[in-house]
Every structure is written in C-alpha cells, then in structure tokens.
$ cat protein.txt   # compact mmCIF, C-alpha atoms
# COMPACT_ATOMS: atom_id res chain seq x y z
CA MET A 9 94.21 104.99 116.57
CA SER A 10 97.15 107.40 116.79
CA PRO A 11 99.83 107.38 114.09
CA PRO A 12 103.32 106.20 115.10
CA GLN A 13 105.66 108.72 116.66
CA ARG A 14 107.85 110.48 114.12
CA PRO A 15 111.59 110.29 114.82
CA PRO A 16 113.80 113.37 115.24
CA PHE A 17 114.96 114.91 111.97
CA GLN A 18 118.56 113.88 112.59
CA ASP A 19 117.50 110.22 112.73
CA LEU A 20 116.31 110.20 109.13
CA PRO A 21 116.37 108.21 106.89
CA ILE A 22 114.14 105.53 108.41
CA ASP A 23 114.83 103.04 105.61
CA LYS A 24 118.63 102.91 105.77
CA ASN A 25 118.74 101.22 102.36
CA GLY A 26 116.73 104.02 100.80
CA PRO A 27 117.67 107.54 99.66
CA PRO A 28 118.53 110.42 102.01
CA GLY A 29 115.89 111.72 104.39
CA ASN A 30 113.23 109.14 103.65
CA ALA A 31 110.51 108.18 106.14
CA TRP A 32 109.60 104.98 104.30
CA GLY A 33 107.98 102.40 106.55
CA LEU A 34 106.88 104.88 109.22
CA TYR A 35 103.22 104.14 108.46
CA GLY A 36 103.71 100.57 107.22
CA SER A 37 105.44 98.96 104.27
CA ASN A 38 102.49 99.34 101.88
CA ASP A 39 101.40 102.82 102.95
CA GLU A 40 99.98 105.13 100.26
CA LEU A 41 98.96 108.17 102.35
CA GLY A 42 102.23 109.34 103.89
CA ALA A 43 101.89 112.20 106.35
CA LEU A 44 98.13 112.24 105.74
CA ASN A 45 98.03 109.39 108.25
CA MET A 46 98.24 112.17 110.84
CA ILE A 47 94.72 113.28 109.90
CA THR A 48 92.99 111.15 112.51
CA PRO A 49 89.39 111.66 113.73
CA SER A 50 90.71 113.38 116.85
CA ALA A 51 92.94 115.66 114.74
CA VAL A 52 89.98 116.63 112.54
CA LYS A 53 87.79 117.28 115.57
CA SER A 54 90.48 119.51 117.05
CA ALA A 55 90.99 121.35 113.74
CA ALA A 56 87.24 121.96 113.47
CA GLN A 57 87.43 124.09 116.63
CA GLU A 58 88.93 126.77 114.36
CA ILE A 59 85.45 127.41 112.96
CA GLN A 60 84.36 130.39 115.05
CA THR A 61 82.91 133.12 112.81
CA GLY A 62 81.83 130.97 109.86
CA ASP A 63 83.66 133.17 107.33
CA ARG A 64 84.56 131.11 104.23
CA VAL A 65 87.30 131.78 101.70
CA SER A 66 87.95 129.82 98.50
CA LEU A 67 91.63 128.94 98.09
CA ASP A 68 91.52 127.92 94.42
CA TRP A 69 92.74 130.28 91.72
CA TYR A 70 90.75 130.31 88.48
CA LEU A 71 91.55 127.29 86.30
CA ASN A 72 92.44 129.54 83.35
CA LEU A 73 95.19 131.27 85.37
CA PRO A 74 97.98 131.64 84.64
CA SER A 75 96.80 132.25 81.09
CA HIS A 76 100.19 131.06 79.78
CA PRO A 77 101.50 128.37 82.20
CA SER A 78 105.20 127.91 82.81
CA PHE A 79 107.11 124.59 82.74
CA ASN A 80 105.91 123.96 79.17
CA ARG A 81 102.37 123.11 80.26
CA PRO A 82 99.34 123.71 78.02
CA SER A 83 96.74 126.40 78.68
CA PHE A 84 93.28 125.66 80.03
CA SER A 85 90.40 125.35 77.59
CA TRP A 86 86.64 125.22 78.12
CA LYS A 87 83.68 124.65 75.84
CA MET A 88 79.96 124.80 76.53
CA LYS A 89 77.70 122.77 74.26
CA ASN A 90 73.97 123.26 74.01
CA LYS A 91 72.04 119.99 73.96
CA GLU A 92 69.84 119.88 70.87
CA HIS A 93 66.70 117.94 70.09
CA PRO A 94 67.08 115.24 67.41
CA ASP A 95 65.38 117.68 65.01
CA GLY A 96 68.12 120.25 65.63
CA ALA A 97 66.08 122.62 67.79
CA LYS A 98 67.93 124.12 70.74
CA ARG A 99 66.97 123.07 74.24
CA THR A 100 67.44 124.88 77.52
CA VAL A 101 70.13 122.37 78.50
CA ASN A 102 73.94 122.65 78.39
CA ASP A 103 76.96 120.44 78.97
CA ASP A 104 80.55 121.63 79.13
CA HIS A 105 83.96 120.11 78.51
CA LEU A 106 87.19 120.99 80.29
CA ASP A 107 90.69 120.29 78.99
CA PHE A 108 93.53 121.16 81.35
CA ASN A 109 96.81 120.00 82.84
CA THR A 110 96.23 119.33 86.54
CA GLN A 111 99.33 121.38 87.32
CA GLY A 112 98.35 124.34 85.16
CA SER A 113 96.69 126.31 87.97
CA SER A 114 95.99 125.72 91.69
CA GLN A 115 97.06 122.18 92.43
CA TRP A 116 98.05 119.50 94.83
CA ASP A 117 101.22 117.66 93.84
CA GLY A 118 100.50 114.02 94.58
CA PHE A 119 103.12 111.41 95.39
CA ARG A 120 103.34 110.31 91.74
CA HIS A 121 104.56 113.75 90.65
CA TYR A 122 108.14 113.91 91.88
CA GLY A 123 110.51 111.32 93.27
CA TYR A 124 114.16 111.01 94.20
CA GLN A 125 116.06 111.91 91.07
CA SER A 126 119.22 109.89 91.68
CA ALA A 127 117.56 106.88 93.29
CA LYS A 128 114.71 107.01 90.74
CA LYS A 129 112.17 106.12 93.41
CA TYR A 130 108.84 107.60 94.47
CA TYR A 131 107.23 107.53 97.90
CA GLY A 132 107.67 104.17 99.60
CA GLY A 133 110.34 103.04 97.14
CA ARG A 134 108.02 102.70 94.14
CA SER A 135 109.59 102.75 90.69
CA GLN A 136 108.38 104.38 87.48
CA GLN A 137 107.36 100.92 86.30
CA ASP A 138 105.26 100.45 89.45
CA LEU A 139 103.41 103.68 88.66
CA GLU A 140 102.87 102.81 85.00
CA SER A 141 101.61 99.30 85.68
CA THR A 142 99.40 99.96 88.73
CA GLU A 143 97.39 102.76 90.36
CA VAL A 144 99.57 102.74 93.49
CA ILE A 145 99.96 106.10 95.36
CA GLY A 146 97.45 107.73 93.01
CA ILE A 147 95.79 110.95 94.09
CA ASP A 148 92.52 109.02 94.32
CA ARG A 149 93.87 107.44 97.52
CA VAL A 150 93.86 110.89 99.10
CA ALA A 151 90.33 111.66 97.95
CA ASN A 152 89.05 108.26 99.02
CA SER A 153 90.46 108.75 102.53
CA GLY A 154 88.40 111.93 102.93
CA GLY A 155 90.91 114.45 101.60
CA ILE A 156 92.84 117.00 103.62
CA THR A 157 90.86 118.37 106.57
CA ALA A 158 93.21 120.19 108.91
CA ARG A 159 94.05 123.33 110.81
CA GLY A 160 95.64 125.81 108.43
CA VAL A 161 98.57 127.88 109.73
CA ILE A 162 98.81 131.13 107.74
CA LEU A 163 102.14 132.85 107.07
CA ASP A 164 102.02 136.06 105.03
CA TYR A 165 105.50 136.87 103.68
CA PRO A 166 104.73 140.24 102.00
CA ARG A 167 103.11 141.60 105.18
CA TYR A 168 105.95 140.18 107.25
CA LEU A 169 108.49 142.13 105.16
CA GLU A 170 106.39 145.27 105.41
CA LYS A 171 106.19 144.97 109.19
CA LYS A 172 109.96 144.50 109.38
CA GLY A 173 110.52 147.58 107.24
CA LYS A 174 112.28 145.51 104.59
CA THR A 175 112.13 145.93 100.83
CA GLU A 176 109.36 143.80 99.45
CA VAL A 177 110.49 140.90 97.29
CA TYR A 178 108.94 140.65 93.82
CA ALA A 179 107.38 137.19 93.58
CA LEU A 180 108.14 136.85 89.86
CA GLU A 181 111.89 136.76 90.44
CA ALA A 182 114.16 133.99 91.74
CA ASN A 183 114.44 134.74 95.45
CA SER A 184 114.28 132.53 98.52
CA ILE A 185 112.40 132.58 101.81
CA THR A 186 114.87 131.18 104.31
CA ALA A 187 114.20 128.82 107.19
CA GLU A 188 115.10 131.63 109.59
CA GLU A 189 112.41 133.81 108.04
CA LEU A 190 109.89 130.98 108.25
CA LYS A 191 110.75 130.51 111.93
CA ASP A 192 110.45 134.22 112.60
CA MET A 193 107.11 134.52 110.79
CA LEU A 194 105.70 131.60 112.75
CA GLN A 195 107.00 132.99 116.04
CA GLU A 196 105.33 136.33 115.35
CA THR A 197 101.95 134.65 114.91
CA GLY A 198 102.23 133.18 118.39
CA ILE A 199 100.93 129.86 117.05
CA LYS A 200 102.31 126.62 118.40
CA THR A 201 102.13 124.09 115.59
CA ARG A 202 100.93 120.56 116.15
CA GLU A 203 101.22 117.40 114.10
CA GLY A 204 98.65 117.41 111.32
CA ASP A 205 98.68 121.17 110.61
CA LEU A 206 98.61 122.48 107.04
CA LEU A 207 101.05 125.27 106.14
CA LEU A 208 99.60 128.09 104.00
CA LEU A 209 102.37 130.42 102.82
CA ARG A 210 101.65 133.57 100.81
CA THR A 211 104.50 134.89 98.63
CA GLY A 212 102.48 137.44 96.63
CA PHE A 213 102.68 135.56 93.33
CA THR A 214 99.00 135.76 92.35
CA ARG A 215 98.95 139.43 93.33
CA ASP A 216 101.98 140.25 91.18
CA TYR A 217 100.71 138.13 88.29
CA ALA A 218 97.39 139.96 88.28
CA LYS A 219 99.24 143.22 87.54
CA LEU A 220 100.76 141.89 84.31
CA ASN A 221 99.35 142.59 80.87
CA GLU A 222 98.84 139.77 78.36
CA GLU A 223 102.18 140.43 76.65
CA ASP A 224 104.05 140.15 79.95
CA ARG A 225 102.22 136.94 80.79
CA GLN A 226 103.25 135.43 77.47
CA ALA A 227 106.83 136.50 78.10
CA ILE A 228 106.89 134.57 81.40
CA LYS A 229 105.89 131.38 79.59
CA ASP A 230 108.64 131.83 77.01
CA LYS A 231 111.53 132.12 79.47
CA PRO A 232 112.98 129.82 82.15
CA PRO A 233 110.82 129.89 85.33
CA THR A 234 112.10 132.30 87.98
CA PHE A 235 109.83 132.62 91.00
CA LEU A 236 110.02 133.33 94.71
CA GLY A 237 109.75 130.29 96.97
CA VAL A 238 111.16 128.67 100.06
CA GLN A 239 114.89 128.04 100.07
CA SER A 240 115.74 124.57 98.83
CA ASP A 241 117.98 123.38 101.63
CA LYS A 242 118.28 121.15 104.68
CA HIS A 243 117.24 123.92 107.09
CA THR A 244 113.89 124.41 105.37
CA LEU A 245 113.29 120.67 105.36
CA GLN A 246 114.12 120.41 109.06
CA TRP A 247 111.73 123.25 109.88
CA ILE A 248 108.89 121.56 107.98
CA TRP A 249 109.55 118.17 109.59
CA GLU A 250 109.86 119.51 113.14
CA ASN A 251 106.59 121.44 112.85
CA GLY A 252 104.74 118.29 111.84
CA PHE A 253 103.00 119.71 108.78
CA VAL A 254 100.73 117.19 107.11
CA ALA A 255 101.01 119.15 103.85
CA VAL A 256 102.31 122.52 102.65
CA ALA A 257 100.80 124.98 100.18
CA SER A 258 101.65 128.39 98.80
CA ASP A 259 100.66 130.72 95.97
CA ALA A 260 104.03 130.16 94.25
CA PRO A 261 104.31 128.01 91.09
CA SER A 262 106.77 125.55 92.63
CA PHE A 263 106.64 126.17 96.43
CA GLU A 264 110.44 126.14 96.54
CA MET A 265 112.34 128.77 94.59
CA SER A 266 112.46 128.43 90.81
CA PRO A 267 114.56 127.49 88.95
CA LEU A 268 114.74 124.14 90.73
CA VAL A 269 118.15 123.52 89.18
CA GLY A 270 120.87 126.15 89.35
CA PRO A 271 123.94 127.27 91.33
CA HIS A 272 122.09 126.46 94.55
CA SER A 273 121.80 122.81 93.46
CA ALA A 274 125.20 122.35 91.81
CA PRO A 275 128.22 120.49 93.23
CA GLY A 276 130.03 122.83 95.60
CA GLY A 277 126.82 124.77 96.26
CA ILE A 278 125.17 125.59 99.55
CA ASN A 279 124.96 121.96 100.65
CA ALA A 280 128.42 120.80 99.62
CA GLY A 281 129.86 117.98 101.66
CA GLU A 282 126.55 116.55 102.86
CA THR A 283 125.70 112.90 102.27
CA TRP A 284 122.54 113.87 100.40
CA GLU A 285 124.29 116.23 97.97
CA THR A 286 123.69 113.91 95.02
CA GLU A 287 119.94 114.33 95.45
CA MET A 288 120.40 118.10 95.62
CA GLN A 289 122.07 118.04 92.23
CA GLY A 290 118.87 116.61 90.73
CA GLY A 291 117.02 119.80 91.62
CA GLY A 292 113.86 120.20 93.65
CA LEU A 293 115.31 119.03 96.96
CA VAL A 294 112.16 120.02 98.87
CA HIS A 295 109.99 118.25 96.29
CA GLN A 296 112.11 115.11 96.56
CA TRP A 297 112.08 114.87 100.34
CA LEU A 298 108.47 115.95 100.88
CA LEU A 299 106.76 114.02 98.08
CA GLY A 300 109.19 111.15 97.59
CA GLY A 301 110.52 110.81 101.12
CA TRP A 302 107.80 111.76 103.59
CA GLY A 303 104.51 111.67 101.72
CA VAL A 304 103.89 115.38 102.41
CA MET A 305 101.75 116.84 99.62
CA ILE A 306 102.72 120.18 98.08
CA GLY A 307 100.13 122.76 97.05
CA GLU A 308 101.07 125.38 94.47
CA MET A 309 99.50 128.48 92.93
CA TRP A 310 96.76 128.62 95.54
CA ASP A 311 94.90 131.92 95.75
CA LEU A 312 95.81 133.18 99.22
CA GLU A 313 95.06 136.88 98.74
CA ARG A 314 91.59 136.95 100.30
CA LEU A 315 92.66 134.43 102.92
CA CYS A 316 95.38 136.75 104.18
CA GLU A 317 93.04 139.77 104.03
CA LYS A 318 90.56 137.90 106.20
CA SER A 319 93.37 136.73 108.47
CA LYS A 320 94.43 140.33 109.02
CA GLN A 321 90.85 141.52 109.49
CA LEU A 322 90.09 138.90 112.13
CA GLY A 323 93.52 139.03 113.76
CA ARG A 324 93.90 135.27 113.34
CA SER A 325 96.62 133.11 111.81
CA THR A 326 94.75 129.82 111.85
CA CYS A 327 91.64 128.47 110.17
CA PHE A 328 89.98 125.19 109.26
CA VAL A 329 90.74 123.93 105.74
CA SER A 330 88.88 121.30 103.75
CA SER A 331 90.33 120.09 100.45
CA VAL A 332 89.27 117.02 98.47
CA PRO A 333 91.23 116.27 95.26
CA LEU A 334 89.64 114.77 92.17
CA LYS A 335 89.16 111.01 92.51
CA VAL A 336 91.19 110.11 89.42
CA PRO A 337 92.45 106.49 89.59
CA GLY A 338 96.23 106.65 89.57
CA GLY A 339 96.11 110.43 89.22
CA VAL A 340 99.28 112.50 89.60
CA ALA A 341 97.87 115.85 90.69
CA SER A 342 94.58 117.69 91.15
CA PRO A 343 92.96 121.05 91.70
CA PRO A 344 92.67 121.38 95.49
CA ASN A 345 88.94 122.27 95.67
CA ALA A 346 89.90 123.94 98.94
CA VAL A 347 88.01 126.23 101.30
CA ALA A 348 89.19 127.92 104.49
CA ILE A 349 86.67 128.51 107.27
CA PHE A 350 87.36 130.89 110.16
$ encode --input "protein.txt" --output "structure tokens"
Amino acid sequence: MSPPQRPPFQDLPIDKNGPPGNAWGLYGSNDELGALNMITPSAVKSAAQEIQTGDRVSLDWYLNLPSHPSFNRPSFSWKMKNKEHPDGAKRTVNDDHLDFNTQGSSQWDGFRHYGYQSAKKYYGGRSQQDLESTEVIGIDRVANSGGITARGVILDYPRYLEKKGKTEVYALEANSITAEELKDMLQETGIKTREGDLLLLRTGFTRDYAKLNEEDRQAIKDKPPTFLGVQSDKHTLQWIWENGFVAVASDAPSFEMSPLVGPHSAPGGINAGETWETEMQGGGLVHQWLLGGWGVMIGEMWDLERLCEKSKQLGRSTCFVSSVPLKVPGGVASPPNAVAIF
C-alpha cells in the first residue's frame, strides 16, 4: 500500500489548528512513524538495487567519541567483568556493562527528543505528559517496524568546496550550509531524489575532531557549542520537504548550525515577519519542523569519512543503508547501528 501523497510545501501546515509547518494527520491521527511510512516494501526493493559491488561501510562513530560531549552530556563508560566460579577462581567468560547517553555519540534523534517550543507539542500533537505517561512515539516503534532501510544520497560538503575553489569551512565553528549550496551539491551529483531517500551530509566534523588533542577536546565541552551545520531557515526546510527525504543524517553534532539559539533565531532575524517566527525564536527550527512537525528523524555525529572516500573511489553518490535503532520502550534516541552497502 502506497503512503498518501504529500502536499506542496506551501500548503503546510496540514493541521490548521497545530503549529507552523506541521504534517500531522498525513499518515493518520494516531501515527507514530511519520515520514518512515514512506519506507514501503516497494521502496525497500528499489533501494536494494543500489547494492552492486557489495562494499560495506560502517556509519557509526565510536561510542566513546567525542571523549568530552557537548550540550552538558556525560561521557561514555565501559566495564568488562570476568565471571568467576563460586570459589573465586577466574573463568574464561566475560560480561560487560555500558553506561552512555544515547545522544553522546552517533545517534538518531527520535520524535520524543525535540518538539515545537512555543506550542509545547511533539509529533502528532503529543504533550510532555503524554510522553511521560505512555510509550507513544518511542524509538522502539522505529525498530519494531524494521528500522530505516533506504537509498542513501551522499553529499560531501568539504569536497564540494574544494571543487569550487572555495576556502574550506572549519566544522568546529558556527557556520551554515545554505539551501542554495545543498541544491547545488545535489545537482552536481546528477541524482534525482525520490520519496523515501535518506540524506547523508558530510560536514567534516569527525575529521576535524580527530585532529584535536585531549586538552582541545575538553575545551570544546566547556564552552557553548559552535558547529557547522545546515542553515536553520525556511529555505532549508523547503528543500528537505520537496526532496522527500525519509530522514536526514550528518556528521555534525546538531545537523543544523550550532548554537541553535542566537541572532539567527532572534526577533528581527533572518525570518522576521513570517507567521512561524515565534517557533524560530525557540531555537532549533529544523529540529522542530522535522521531528515535531513531519516525523523526519535526524541523525547526528555519524562517521561519514570512509563513506565519502568510498563514494569518491566508486564514482557514486548513492548507496543502500540499513539502520535499526535500539528497541528501547519509549526511548528518545539511539545509536544508529547503520551500515552503507554499495
């Protein structure tokens, strides 16, 4: 069964009583999968045609990176425990224990992570109370549906700048990738997107982070987050909607430029005069519309270095991606457990 046709961007919001840009009700009043409804059996079958050489690339960064997470999140910890006999003798058996914030390294932001800040609503109009009293829109719904299996569309921003002869942008500074640049990058690949594609955008963050010493990594944690990401504006949102992406992922810590709140999100800023300006003031406009409005998951801090090397080597900008989040009842986020296959 095919998902319902998505309306033009200018016809949003669907729920006229809801916040700006929402697509609530598009997949039914009780929907918990959002844009993932576009991952139909026929879409998966079509995406699987990308498997041509059999080359596989892991898209997860190590769980202990970054060593000092930003946004006041705790560091990863791991312990291995040898299983002893009752008499205390060591056995050749081990268990291990992990303790980590699901947003401390490579992650999927689920629909419970970020909602409309002024309306105080999550995807489908759910309230904070709804989330605290039930498991609705938990990340387990995504895992239980089979996860994200889609054609990945690869955009490599550092190589794009190099090809254009432009000065490379340092990914550990607050800079934006504009909608015009996204359009131009996509056009240069020659790829025609289709509904159900997964965007994979490399900014160079994991590359630049790897060059830091431990002191510099600690310094990043101790200051306000400033990272390269997509520009947080209506044009970026329109580009994402019109290309029909089922989800978006990048190697940046917040996908859209950090800080999420600043001059670009203040009254009188770049979106002054628009009806959705109040949501912009809450910061994280892309997070609000994608997660809270459309049910489009956001991947962050993915390791896209080897993916883009392989993409260049093979002369391809598409691949098959399989990603199944942890099946945590009512979970907010999860490591992606993602692999790209060419």
$ atom_distance --input "protein.txt" --atom1 "atom CA of Arg159 of chain A" --atom2 "atom CA of Ala55 of chain A"
4.7 Å
$ closest_residue --input "protein.txt" --among "A:Val238, A:Ala182, A:Ala56, A:Ile145" --to "Glu264 of chain A" --atoms "all atoms listed in the file"
A:Val238
$ residues_around --input "protein.txt" --residues "Lys335 of chain A" --least-positions-apart "5" --cutoff "10 Å" --atoms "all atoms listed in the file" --output "PyMOL selection string"
chain A and resi 146-152+155+342
$ residues_around --input "protein.txt" --residues "Ser262 of chain A" --least-positions-apart "5" --cutoff "8 Å" --atoms "all atoms listed in the file" --output "list in words"
Phe235, Gly237, Glu308 and Met309 of chain A
$ write_last_selection --input "protein.txt" --atoms "C-alpha atoms" --output "JSON list (two decimals), keeping the file's coordinate frame"
[["chain", "number", "residue", "atom", "x", "y", "z"],
["A", 235, "PHE", "CA", 109.83, 132.62, 91.00],
["A", 237, "GLY", "CA", 109.75, 130.29, 96.97],
["A", 308, "GLU", "CA", 101.07, 125.38, 94.47],
["A", 309, "MET", "CA", 99.50, 128.48, 92.93]]
$ closest_residue --input "protein.txt" --among "A:Trp302, A:Ile59, A:Tyr165, A:Ser66" --to "Gly33 of chain A" --atoms "all atoms listed in the file"
A:Trp302
$ decode --input "protein.txt" --residues "segment 9-21 of chain A" --atoms "all heavy atoms" --output "PDB file, in the first residue's frame"
ATOM      1  N   MET A   9       0.849  -1.202   0.000  1.00  0.00           N
ATOM      2  CA  MET A   9       0.000   0.000   0.000  1.00  0.00           C
ATOM      3  C   MET A   9       0.882   1.248   0.000  1.00  0.00           C
ATOM      4  O   MET A   9       1.813   1.381   0.787  1.00  0.00           O
ATOM      5  CB  MET A   9      -0.907   0.003   1.234  1.00  0.00           C
ATOM      6  CG  MET A   9      -1.832   1.187   1.310  1.00  0.00           C
ATOM      7  SD  MET A   9      -2.933   1.073   2.759  1.00  0.00           S
ATOM      8  CE  MET A   9      -3.820   2.621   2.592  1.00  0.00           C
ATOM      9  N   SER A  10       0.609   2.167  -0.904  1.00  0.00           N
ATOM     10  CA  SER A  10       1.407   3.383  -1.020  1.00  0.00           C
ATOM     11  C   SER A  10       0.981   4.399   0.035  1.00  0.00           C
ATOM     12  O   SER A  10      -0.202   4.488   0.384  1.00  0.00           O
ATOM     13  CB  SER A  10       1.243   3.998  -2.416  1.00  0.00           C
ATOM     14  OG  SER A  10       1.692   3.104  -3.413  1.00  0.00           O
ATOM     15  N   PRO A  11       1.925   5.160   0.564  1.00  0.00           N
ATOM     16  CA  PRO A  11       1.576   6.217   1.522  1.00  0.00           C
ATOM     17  C   PRO A  11       0.815   7.326   0.815  1.00  0.00           C
ATOM     18  O   PRO A  11       0.892   7.469  -0.407  1.00  0.00           O
ATOM     19  CB  PRO A  11       2.942   6.699   2.015  1.00  0.00           C
ATOM     20  CG  PRO A  11       3.881   6.391   0.896  1.00  0.00           C
ATOM     21  CD  PRO A  11       3.371   5.117   0.293  1.00  0.00           C
ATOM     22  N   PRO A  12       0.066   8.140   1.540  1.00  0.00           N
ATOM     23  CA  PRO A  12      -0.686   9.237   0.916  1.00  0.00           C
ATOM     24  C   PRO A  12       0.253  10.255   0.280  1.00  0.00           C
ATOM     25  O   PRO A  12       1.410  10.395   0.680  1.00  0.00           O
ATOM     26  CB  PRO A  12      -1.464   9.843   2.079  1.00  0.00           C
ATOM     27  CG  PRO A  12      -0.706   9.433   3.303  1.00  0.00           C
ATOM     28  CD  PRO A  12      -0.126   8.089   2.997  1.00  0.00           C
ATOM     29  N   GLN A  13      -0.247  10.930  -0.713  1.00  0.00           N
ATOM     30  CA  GLN A  13       0.549  11.947  -1.399  1.00  0.00           C
ATOM     31  C   GLN A  13       0.815  13.123  -0.475  1.00  0.00           C
ATOM     32  O   GLN A  13      -0.084  13.615   0.208  1.00  0.00           O
ATOM     33  CB  GLN A  13      -0.175  12.425  -2.654  1.00  0.00           C
ATOM     34  CG  GLN A  13       0.641  13.399  -3.491  1.00  0.00           C
ATOM     35  CD  GLN A  13      -0.052  13.737  -4.802  1.00  0.00           C
ATOM     36  OE1 GLN A  13      -1.115  13.195  -5.116  1.00  0.00           O
ATOM     37  NE2 GLN A  13       0.542  14.633  -5.571  1.00  0.00           N
ATOM     38  N   ARG A  14       2.070  13.556  -0.438  1.00  0.00           N
ATOM     39  CA  ARG A  14       2.417  14.698   0.402  1.00  0.00           C
ATOM     40  C   ARG A  14       2.047  15.993  -0.314  1.00  0.00           C
ATOM     41  O   ARG A  14       2.291  16.129  -1.499  1.00  0.00           O
ATOM     42  CB  ARG A  14       3.919  14.679   0.728  1.00  0.00           C
ATOM     43  CG  ARG A  14       4.336  13.461   1.537  1.00  0.00           C
ATOM     44  CD  ARG A  14       5.838  13.464   1.851  1.00  0.00           C
ATOM     45  NE  ARG A  14       6.623  13.777   0.688  1.00  0.00           N
ATOM     46  CZ  ARG A  14       7.476  14.804   0.602  1.00  0.00           C
ATOM     47  NH1 ARG A  14       7.673  15.595   1.635  1.00  0.00           N
ATOM     48  NH2 ARG A  14       8.157  15.022  -0.493  1.00  0.00           N
ATOM     49  N   PRO A  15       1.492  16.955   0.399  1.00  0.00           N
ATOM     50  CA  PRO A  15       1.090  18.216  -0.228  1.00  0.00           C
ATOM     51  C   PRO A  15       2.311  19.077  -0.556  1.00  0.00           C
ATOM     52  O   PRO A  15       3.403  18.857  -0.028  1.00  0.00           O
ATOM     53  CB  PRO A  15       0.226  18.874   0.840  1.00  0.00           C
ATOM     54  CG  PRO A  15       0.800  18.377   2.126  1.00  0.00           C
ATOM     55  CD  PRO A  15       1.192  16.944   1.846  1.00  0.00           C
ATOM     56  N   PRO A  16       2.144  20.084  -1.404  1.00  0.00           N
ATOM     57  CA  PRO A  16       3.228  21.039  -1.651  1.00  0.00           C
ATOM     58  C   PRO A  16       3.630  21.736  -0.355  1.00  0.00           C
ATOM     59  O   PRO A  16       2.805  21.906   0.554  1.00  0.00           O
ATOM     60  CB  PRO A  16       2.621  22.025  -2.653  1.00  0.00           C
ATOM     61  CG  PRO A  16       1.471  21.298  -3.280  1.00  0.00           C
ATOM     62  CD  PRO A  16       0.943  20.392  -2.215  1.00  0.00           C
ATOM     63  N   PHE A  17       4.872  22.166  -0.279  1.00  0.00           N
ATOM     64  CA  PHE A  17       5.392  22.805   0.922  1.00  0.00           C
ATOM     65  C   PHE A  17       4.548  24.010   1.333  1.00  0.00           C
ATOM     66  O   PHE A  17       4.283  24.222   2.520  1.00  0.00           O
ATOM     67  CB  PHE A  17       6.845  23.230   0.686  1.00  0.00           C
ATOM     68  CG  PHE A  17       7.494  23.880   1.875  1.00  0.00           C
ATOM     69  CD1 PHE A  17       7.988  23.119   2.917  1.00  0.00           C
ATOM     70  CD2 PHE A  17       7.617  25.268   1.955  1.00  0.00           C
ATOM     71  CE1 PHE A  17       8.596  23.701   4.024  1.00  0.00           C
ATOM     72  CE2 PHE A  17       8.225  25.868   3.052  1.00  0.00           C
ATOM     73  CZ  PHE A  17       8.716  25.080   4.089  1.00  0.00           C
ATOM     74  N   GLN A  18       4.101  24.770   0.333  1.00  0.00           N
ATOM     75  CA  GLN A  18       3.353  25.996   0.647  1.00  0.00           C
ATOM     76  C   GLN A  18       1.982  25.709   1.233  1.00  0.00           C
ATOM     77  O   GLN A  18       1.333  26.615   1.770  1.00  0.00           O
ATOM     78  CB  GLN A  18       3.217  26.889  -0.594  1.00  0.00           C
ATOM     79  CG  GLN A  18       2.492  26.253  -1.760  1.00  0.00           C
ATOM     80  CD  GLN A  18       3.445  25.590  -2.725  1.00  0.00           C
ATOM     81  OE1 GLN A  18       4.562  25.196  -2.359  1.00  0.00           O
ATOM     82  NE2 GLN A  18       3.021  25.499  -3.990  1.00  0.00           N
ATOM     83  N   ASP A  19       1.528  24.450   1.157  1.00  0.00           N
ATOM     84  CA  ASP A  19       0.225  24.110   1.719  1.00  0.00           C
ATOM     85  C   ASP A  19       0.299  23.670   3.179  1.00  0.00           C
ATOM     86  O   ASP A  19      -0.730  23.390   3.803  1.00  0.00           O
ATOM     87  CB  ASP A  19      -0.435  22.992   0.895  1.00  0.00           C
ATOM     88  CG  ASP A  19      -0.908  23.480  -0.466  1.00  0.00           C
ATOM     89  OD1 ASP A  19      -0.872  24.705  -0.699  1.00  0.00           O
ATOM     90  OD2 ASP A  19      -1.294  22.640  -1.292  1.00  0.00           O
ATOM     91  N   LEU A  20       1.490  23.586   3.722  1.00  0.00           N
ATOM     92  CA  LEU A  20       1.639  23.274   5.144  1.00  0.00           C
ATOM     93  C   LEU A  20       1.259  24.500   5.972  1.00  0.00           C
ATOM     94  O   LEU A  20       1.455  25.628   5.520  1.00  0.00           O
ATOM     95  CB  LEU A  20       3.087  22.870   5.446  1.00  0.00           C
ATOM     96  CG  LEU A  20       3.593  21.602   4.745  1.00  0.00           C
ATOM     97  CD1 LEU A  20       5.067  21.384   5.037  1.00  0.00           C
ATOM     98  CD2 LEU A  20       2.785  20.374   5.175  1.00  0.00           C
ATOM     99  N   PRO A  21       0.696  24.328   7.173  1.00  0.00           N
ATOM    100  CA  PRO A  21       0.505  23.074   7.907  1.00  0.00           C
ATOM    101  C   PRO A  21      -0.726  22.305   7.455  1.00  0.00           C
ATOM    102  O   PRO A  21      -1.685  22.894   6.939  1.00  0.00           O
ATOM    103  CB  PRO A  21       0.340  23.553   9.351  1.00  0.00           C
ATOM    104  CG  PRO A  21      -0.325  24.886   9.207  1.00  0.00           C
ATOM    105  CD  PRO A  21       0.263  25.505   7.965  1.00  0.00           C
TER     106      PRO A  21
END
